[in-house]
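Novice: For reference, the structure I am asking about is given below.
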Amino acid sequence: MKSFTPLLGLLLATSAPVWAYETMSDSQKIDELQQQINQLKSDVKEDKKAISSLEPKIKIGGAVRFQYSYEDYDDDNKNRGGDMDFDVFRLDVNGSIGDVTLSAQYRWYQYMNVVHHADVGYKFSDNWEGKVGITQVPFGNLNYNSNNFFFSSGYYAGLEDDYDTGLSFIGKYDKHDIRIAYFLNDEKGGVDGYSGDETHRYSYDVVGIRDFDGGEGIYSAPTQEMGESNTVNLRYSYNFFSNTEVGVSLLAGDLEGGSGVGSVGDHTAYAFHVKSKIDNIGIMFQYSDYEYDLDNGSDAVVVGAWAFYDSIPTEASSYNLNLSYSQSVSFGPITNLTYYNDYNLVTNKSGGLDDTTMNVTGVAISAGGIYAYVDLVVAKNQPFVGGTLVGNADDWNKRLNINLGYYF
């Protein structure tokens, strides 16, 4: 009798809907079937939507650039009437898979191959987004503190368009822009990285302590290696009148010596920055100050980038004032001309070093996929214009530079 009771219950349970269905009219049966079909269609649509959201949505782009330069401080270059060279081929990958975004860029130069950036991101809410990988350091005017091809003088001290390895969080609330970042080390793995030549990188980072007293030259490889470690960045800006961003940036981190010597000092930097667009006129201003506080009291550190070593003072202050004017035109394929003048001053250097001054007057030209910079640079003690940030030159150097790129 006990084994029969469950069987009887099952028969009664299944017979009830069957009986109900049999008592329906034909129209009721059709309506019931149509509801079931609609539900199946909805389920299939949701399944397809879920599968579609996981399909990669990746865009491949890049650029090819060439460059002409005429340098009055290089006699051979002047005698040749300047030089025309291949600059770079670059490949960009941007997109998403599901809710996770991807952005990466790799560059091939004649003298080095480098990762520009490579990060993955996730939007936690309408206000907050996070990124991990080799990503931009949130400091100063973004994305650039300059209009010209050579950036600002601060770029050569690692304070503009710098990329390191770590975590970055971006919060946006109405007119507030909040950026918080932590970088374990630079993009080459820090002082003990295993990525080949330390100078093969796009952005400037410290790679050693400069020992001038020991006979090292300005461009020599460092005897004592050093790298950035455990750096924290904080950046806040507020947007006034919907066209003017005013902000402050802070940076603090450790400096680690090579061969397991541990900490050899620390580094800090701060900046006050303004970026505004009034009709066709652009204005940028930035004051920044940095310091590498070394245990041995050295007045200079070694930096590496663009396939060579250079030196910068352990501390300095800088001022930038950039003006631009954008004009829409119709000259054949040319659709826009942006005229600019960028002024840079680096002063209060350690060791009593002379100031660095750079003024760039130029125009950026847009024509379809072509983008070109035409720059006249006048500078003193400026890298890539016949000088260095630790120079004590009195002469002004001039460079005419035309960089022509096709972007796709």
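FYI, nothing fancy with the structure tokens labels: chains A, B, ... in order, residues from 1 per chain, ligands from 1 as they appear.
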Using only C-alpha atoms, which residues of region 63-98 of chain A come within 7 Å of region 109-133 of chain A, and what is the closest atom pair for each, with the distance in Å to one decimal? Give it as a Markdown table, sorted by chain and residue number.
Specialist:
```
| residue | atom | partner | partner_atom | distance |
| --- | --- | --- | --- | --- |
| A:Asp87 | CA | A:Tyr109 | CA | 6.3 |
| A:Val88 | CA | A:Tyr109 | CA | 4.8 |
| A:Phe89 | CA | A:Tyr109 | CA | 6.7 |
```
Novice: Using the selection just defined, write its residues with all heavy atoms as a PDB file, in the first residue's frame.
Specialist:
```pdb
ATOM      1  N   ASP A  87      59.637  57.754 -39.100  1.00  0.00           N
ATOM      2  CA  ASP A  87      59.479  57.960 -37.663  1.00  0.00           C
ATOM      3  C   ASP A  87      58.990  56.692 -36.978  1.00  0.00           C
ATOM      4  O   ASP A  87      59.707  56.091 -36.183  1.00  0.00           O
ATOM      5  CB  ASP A  87      58.522  59.128 -37.416  1.00  0.00           C
ATOM      6  CG  ASP A  87      58.331  59.419 -35.931  1.00  0.00           C
ATOM      7  OD1 ASP A  87      59.217  59.054 -35.145  1.00  0.00           O
ATOM      8  OD2 ASP A  87      57.298  59.999 -35.562  1.00  0.00           O
ATOM      9  N   VAL A  88      57.755  56.285 -37.260  1.00  0.00           N
ATOM     10  CA  VAL A  88      57.197  55.171 -36.505  1.00  0.00           C
ATOM     11  C   VAL A  88      56.050  54.508 -37.270  1.00  0.00           C
ATOM     12  O   VAL A  88      55.347  55.152 -38.053  1.00  0.00           O
ATOM     13  CB  VAL A  88      56.686  55.663 -35.124  1.00  0.00           C
ATOM     14  CG1 VAL A  88      55.516  56.620 -35.285  1.00  0.00           C
ATOM     15  CG2 VAL A  88      56.282  54.498 -34.217  1.00  0.00           C
ATOM     16  N   PHE A  89      55.914  53.212 -37.054  1.00  0.00           N
ATOM     17  CA  PHE A  89      54.687  52.494 -37.408  1.00  0.00           C
ATOM     18  C   PHE A  89      54.089  52.003 -36.106  1.00  0.00           C
ATOM     19  O   PHE A  89      54.786  51.413 -35.277  1.00  0.00           O
ATOM     20  CB  PHE A  89      54.960  51.290 -38.321  1.00  0.00           C
ATOM     21  CG  PHE A  89      53.746  50.414 -38.508  1.00  0.00           C
ATOM     22  CD1 PHE A  89      52.719  50.810 -39.351  1.00  0.00           C
ATOM     23  CD2 PHE A  89      53.618  49.207 -37.830  1.00  0.00           C
ATOM     24  CE1 PHE A  89      51.593  50.022 -39.517  1.00  0.00           C
ATOM     25  CE2 PHE A  89      52.492  48.413 -37.993  1.00  0.00           C
ATOM     26  CZ  PHE A  89      51.474  48.814 -38.842  1.00  0.00           C
TER      27      PHE A  89
END
```
Novice: Tell me which protein, DNA and RNA residues are within 8 Å of region 387-392 of chain A, counting only C-alpha atoms, leaving out same-chain ones fewer than 6 positions away, and put them as a ChimeraX atom specification.
Specialist: /A:218,300,310-313,353-356,380-381
Novice: Between A:Phe86, A:Tyr163, A:Tyr309, A:Phe285, which has the minimum distance to Phe66 (chain A) (counting only C-alpha atoms)?
Specialist: A:Phe86
Novice: Among the residues of region 191-387 of chain A, find those DSSP assigns to strand (DSSP E or B) from the backbone and print them as a ChimeraX atom specification.
Specialist: /A:205-209,224-240,244-257,262-278,281-294,300-305,308-313,315-331,334-347,356-367,370-380
Novice: Counting only C-alpha atoms, which residues of region 140-159 of chain A sit at most 12 Å from some atom of region 183-202 of chain A, and what is each one's closest atom pair with its distance in Å to one decimal, listed by chain and rising residue number, as CSV?
Specialist:
```
residue,atom,partner,partner_atom,distance
A:Tyr155,CA,A:Tyr202,CA,10.6
A:Tyr156,CA,A:Tyr202,CA,10.7
A:Gly158,CA,A:Tyr202,CA,10.5
```
Novice: Write the selection just made, keeping N, CA and C atoms, as a CSV table (one decimal), in the first residue's frame?
Specialist:
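Generated file (part-v4.csv):
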```
chain,number,residue,atom,x,y,z
A,155,TYR,N,57.7,66.6,-19.8
A,155,TYR,CA,57.7,65.2,-20.3
A,155,TYR,C,59.0,64.5,-20.1
A,156,TYR,N,60.1,65.3,-20.2
A,156,TYR,CA,61.4,64.7,-20.2
A,156,TYR,C,61.9,64.4,-18.7
A,158,GLY,N,59.4,63.0,-16.8
A,158,GLY,CA,58.4,62.0,-16.5
A,158,GLY,C,57.1,62.6,-15.9
```
Novice: List the neighbours of Val302 (chain A) out to 6 Å using only C-alpha atoms; skip same-chain residues closer than 2 positions along the sequence, and give me the result as a short mmCIF file (atom, residue, chain, number, x, y, z; two decimals) with all heavy atoms, in the first residue's frame.
Specialist:
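The resulting file, around-v5.cif, is reproduced below:
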```
data_model
loop_
_atom_site.label_atom_id
_atom_site.label_comp_id
_atom_site.auth_asym_id
_atom_site.auth_seq_id
_atom_site.Cartn_x
_atom_site.Cartn_y
_atom_site.Cartn_z
N VAL A 206 63.02 57.19 -14.20
CA VAL A 206 64.36 57.13 -13.62
C VAL A 206 64.86 55.70 -13.66
O VAL A 206 64.11 54.76 -13.39
CB VAL A 206 64.38 57.67 -12.17
CG1 VAL A 206 64.07 59.14 -12.15
CG2 VAL A 206 63.41 56.90 -11.28
N VAL A 207 66.13 55.52 -13.99
CA VAL A 207 66.71 54.17 -14.09
C VAL A 207 68.03 54.07 -13.33
O VAL A 207 68.65 53.01 -13.31
CB VAL A 207 66.93 53.76 -15.57
CG1 VAL A 207 65.60 53.62 -16.29
CG2 VAL A 207 67.83 54.75 -16.29
N GLY A 208 68.48 55.17 -12.70
CA GLY A 208 69.74 55.10 -11.97
C GLY A 208 70.05 56.41 -11.26
O GLY A 208 69.37 57.43 -11.44
N ILE A 209 71.10 56.37 -10.44
CA ILE A 209 71.61 57.55 -9.75
C ILE A 209 72.83 58.05 -10.50
O ILE A 209 73.76 57.28 -10.75
CB ILE A 209 71.98 57.23 -8.29
CG1 ILE A 209 70.74 56.71 -7.54
CG2 ILE A 209 72.54 58.46 -7.59
CD1 ILE A 209 71.04 56.24 -6.13
N ARG A 210 72.85 59.31 -10.87
CA ARG A 210 73.97 59.86 -11.65
C ARG A 210 75.12 60.22 -10.72
O ARG A 210 74.93 60.97 -9.73
CB ARG A 210 73.51 61.07 -12.45
CG ARG A 210 74.58 61.70 -13.30
CD ARG A 210 75.14 60.71 -14.33
NE ARG A 210 74.25 60.51 -15.45
CZ ARG A 210 74.21 59.40 -16.19
NH1 ARG A 210 75.00 58.38 -15.87
NH2 ARG A 210 73.40 59.29 -17.21
N ASP A 310 69.87 59.75 -20.32
CA ASP A 310 70.03 61.18 -20.13
C ASP A 310 70.04 61.43 -18.62
O ASP A 310 69.93 60.49 -17.82
CB ASP A 310 68.91 61.96 -20.82
CG ASP A 310 69.28 63.41 -21.11
OD1 ASP A 310 70.28 63.90 -20.56
OD2 ASP A 310 68.54 64.06 -21.88
N SER A 311 70.16 62.68 -18.22
CA SER A 311 70.18 63.04 -16.81
C SER A 311 69.22 64.19 -16.56
O SER A 311 69.02 65.04 -17.44
CB SER A 311 71.60 63.45 -16.38
OG SER A 311 72.55 62.46 -16.69
#
```
Novice: Here is a test: counting only C-alpha atoms, which residue of A:Tyr73, A:Tyr319, A:Tyr343, A:Tyr290 is nearest to Asp395 (chain A)?
Specialist: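 Checking each of A:Tyr73, A:Tyr319, A:Tyr343, A:Tyr290 against Asp395 (chain A), counting only C-alpha atoms, the winner is A:Tyr73.
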Novice: Residues of region 68-138 of chain A classed as alpha helix (DSSP H) by DSSP on the backbone are to be reported as JSON, numbers by chain.
Specialist: {"A": [75, 76, 77, 78, 79]}
Novice: Would you mind listing, for every residue of region 203-263 of chain A within 8 Å of region 169-175 of chain A, the two atoms forming the shortest contact and the distance between them in Å to one decimal, using only C-alpha atoms, sorted by chain and ascending residue number, as CSV?
Specialist:
```
residue,atom,partner,partner_atom,distance
A:Tyr238,CA,A:Lys175,CA,5.5
A:Asn239,CA,A:Lys175,CA,4.9
A:Phe240,CA,A:Lys175,CA,7.5
A:Ser242,CA,A:Lys175,CA,7.9
```
Novice: Create the file for the chosen residues now, containing N, CA, C and O atoms and written as a tab-separated table (two decimals), in the first residue's frame.
Specialist:
```tsv
chain	number	residue	atom	x	y	z
A	238	TYR	N	37.98	70.26	-11.23
A	238	TYR	CA	36.60	70.74	-11.24
A	238	TYR	C	36.38	71.54	-12.51
A	238	TYR	O	37.23	72.36	-12.91
A	239	ASN	N	35.24	71.31	-13.14
A	239	ASN	CA	34.94	71.98	-14.41
A	239	ASN	C	34.06	73.20	-14.17
A	239	ASN	O	32.90	73.08	-13.77
A	240	PHE	N	34.63	74.38	-14.43
A	240	PHE	CA	33.90	75.63	-14.31
A	240	PHE	C	33.33	76.03	-15.67
A	240	PHE	O	34.00	75.92	-16.70
A	242	SER	N	31.59	74.81	-17.78
A	242	SER	CA	31.54	73.74	-18.80
A	242	SER	C	32.68	73.80	-19.80
A	242	SER	O	32.70	73.03	-20.76
```
Novice: Looking at A:Gln105, A:Asn148, A:Ser249, A:Ser220, which one is nearest to Leu323 (chain A), with distances taken over only C-alpha atoms?
Specialist: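 Smallest distance to Leu323 (chain A) is found for A:Asn148.
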Novice: Using only C-alpha atoms, find each residue in region 97-191 of chain A having at least one atom no more than 9 Å away from region 262-270 of chain A; report its shortest atom-to-atom pair and that distance in Å (one decimal), rows by chain then rising number, as CSV.
Specialist:
```
residue,atom,partner,partner_atom,distance
A:Phe139,CA,A:Tyr270,CA,8.2
A:Gly140,CA,A:Tyr270,CA,8.4
A:Leu159,CA,A:Ala269,CA,8.6
```
Novice: Output all heavy atoms for every residue in that selection, as a short mmCIF file (atom, residue, chain, number, x, y, z; two decimals), in the first residue's frame.
Specialist:
```cif
data_model
loop_
_atom_site.label_atom_id
_atom_site.label_comp_id
_atom_site.auth_asym_id
_atom_site.auth_seq_id
_atom_site.Cartn_x
_atom_site.Cartn_y
_atom_site.Cartn_z
N PHE A 139 48.39 62.77 -13.93
CA PHE A 139 49.13 63.90 -13.37
C PHE A 139 49.05 65.08 -14.32
O PHE A 139 49.31 64.96 -15.53
CB PHE A 139 50.60 63.52 -13.15
CG PHE A 139 51.39 64.55 -12.38
CD1 PHE A 139 51.45 64.51 -10.99
CD2 PHE A 139 52.07 65.58 -13.04
CE1 PHE A 139 52.17 65.46 -10.27
CE2 PHE A 139 52.78 66.53 -12.34
CZ PHE A 139 52.84 66.47 -10.95
N GLY A 140 48.68 66.24 -13.79
CA GLY A 140 48.67 67.46 -14.59
C GLY A 140 47.55 67.51 -15.61
O GLY A 140 46.56 66.76 -15.54
N LEU A 159 56.75 63.83 -16.26
CA LEU A 159 55.56 64.48 -15.71
C LEU A 159 54.49 64.78 -16.76
O LEU A 159 53.55 65.52 -16.49
CB LEU A 159 55.96 65.78 -14.99
CG LEU A 159 56.89 65.62 -13.79
CD1 LEU A 159 57.18 66.99 -13.17
CD2 LEU A 159 56.31 64.68 -12.76
#
```
Novice: Just to confirm, what's the straight-line distance from CA of Gly369 (chain A) to CA of Trp108 (chain A) in Å (one decimal)?
Specialist: 19.5 Å
Novice: Between A:Gln286, A:Ala364, A:Asn280, A:Thr223, single out the one closest to Glu245 (chain A), counting only C-alpha atoms.
Specialist: A:Gln286
Novice: Using only C-alpha atoms, find each residue in region 357-406 of chain A having at least one atom no more than 9 Å away from region 333-342 of chain A; report its shortest atom-to-atom pair and that distance in Å (one decimal), rows by chain then rising number, as a Markdown table.
Specialist:
```
| residue | atom | partner | partner_atom | distance |
| --- | --- | --- | --- | --- |
| A:Met358 | CA | A:Asp342 | CA | 8.0 |
| A:Asn359 | CA | A:Asp342 | CA | 5.7 |
| A:Val360 | CA | A:Asp342 | CA | 5.1 |
| A:Thr361 | CA | A:Asn341 | CA | 4.5 |
| A:Gly362 | CA | A:Tyr340 | CA | 5.5 |
| A:Val363 | CA | A:Tyr339 | CA | 4.3 |
| A:Ala364 | CA | A:Thr338 | CA | 5.0 |
| A:Ile365 | CA | A:Leu337 | CA | 4.9 |
| A:Ser366 | CA | A:Asn336 | CA | 5.2 |
| A:Ala367 | CA | A:Ile334 | CA | 4.2 |
| A:Gly368 | CA | A:Pro333 | CA | 6.6 |
| A:Ile370 | CA | A:Ile334 | CA | 8.9 |
```
Novice: Rounded to one decimal in Å, what is the spacing between CA of Ser203 (chain A) and CA of Gly95 (chain A)?
Specialist: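 CA of Ser203 (chain A) sits 23.7 Å away from CA of Gly95 (chain A).
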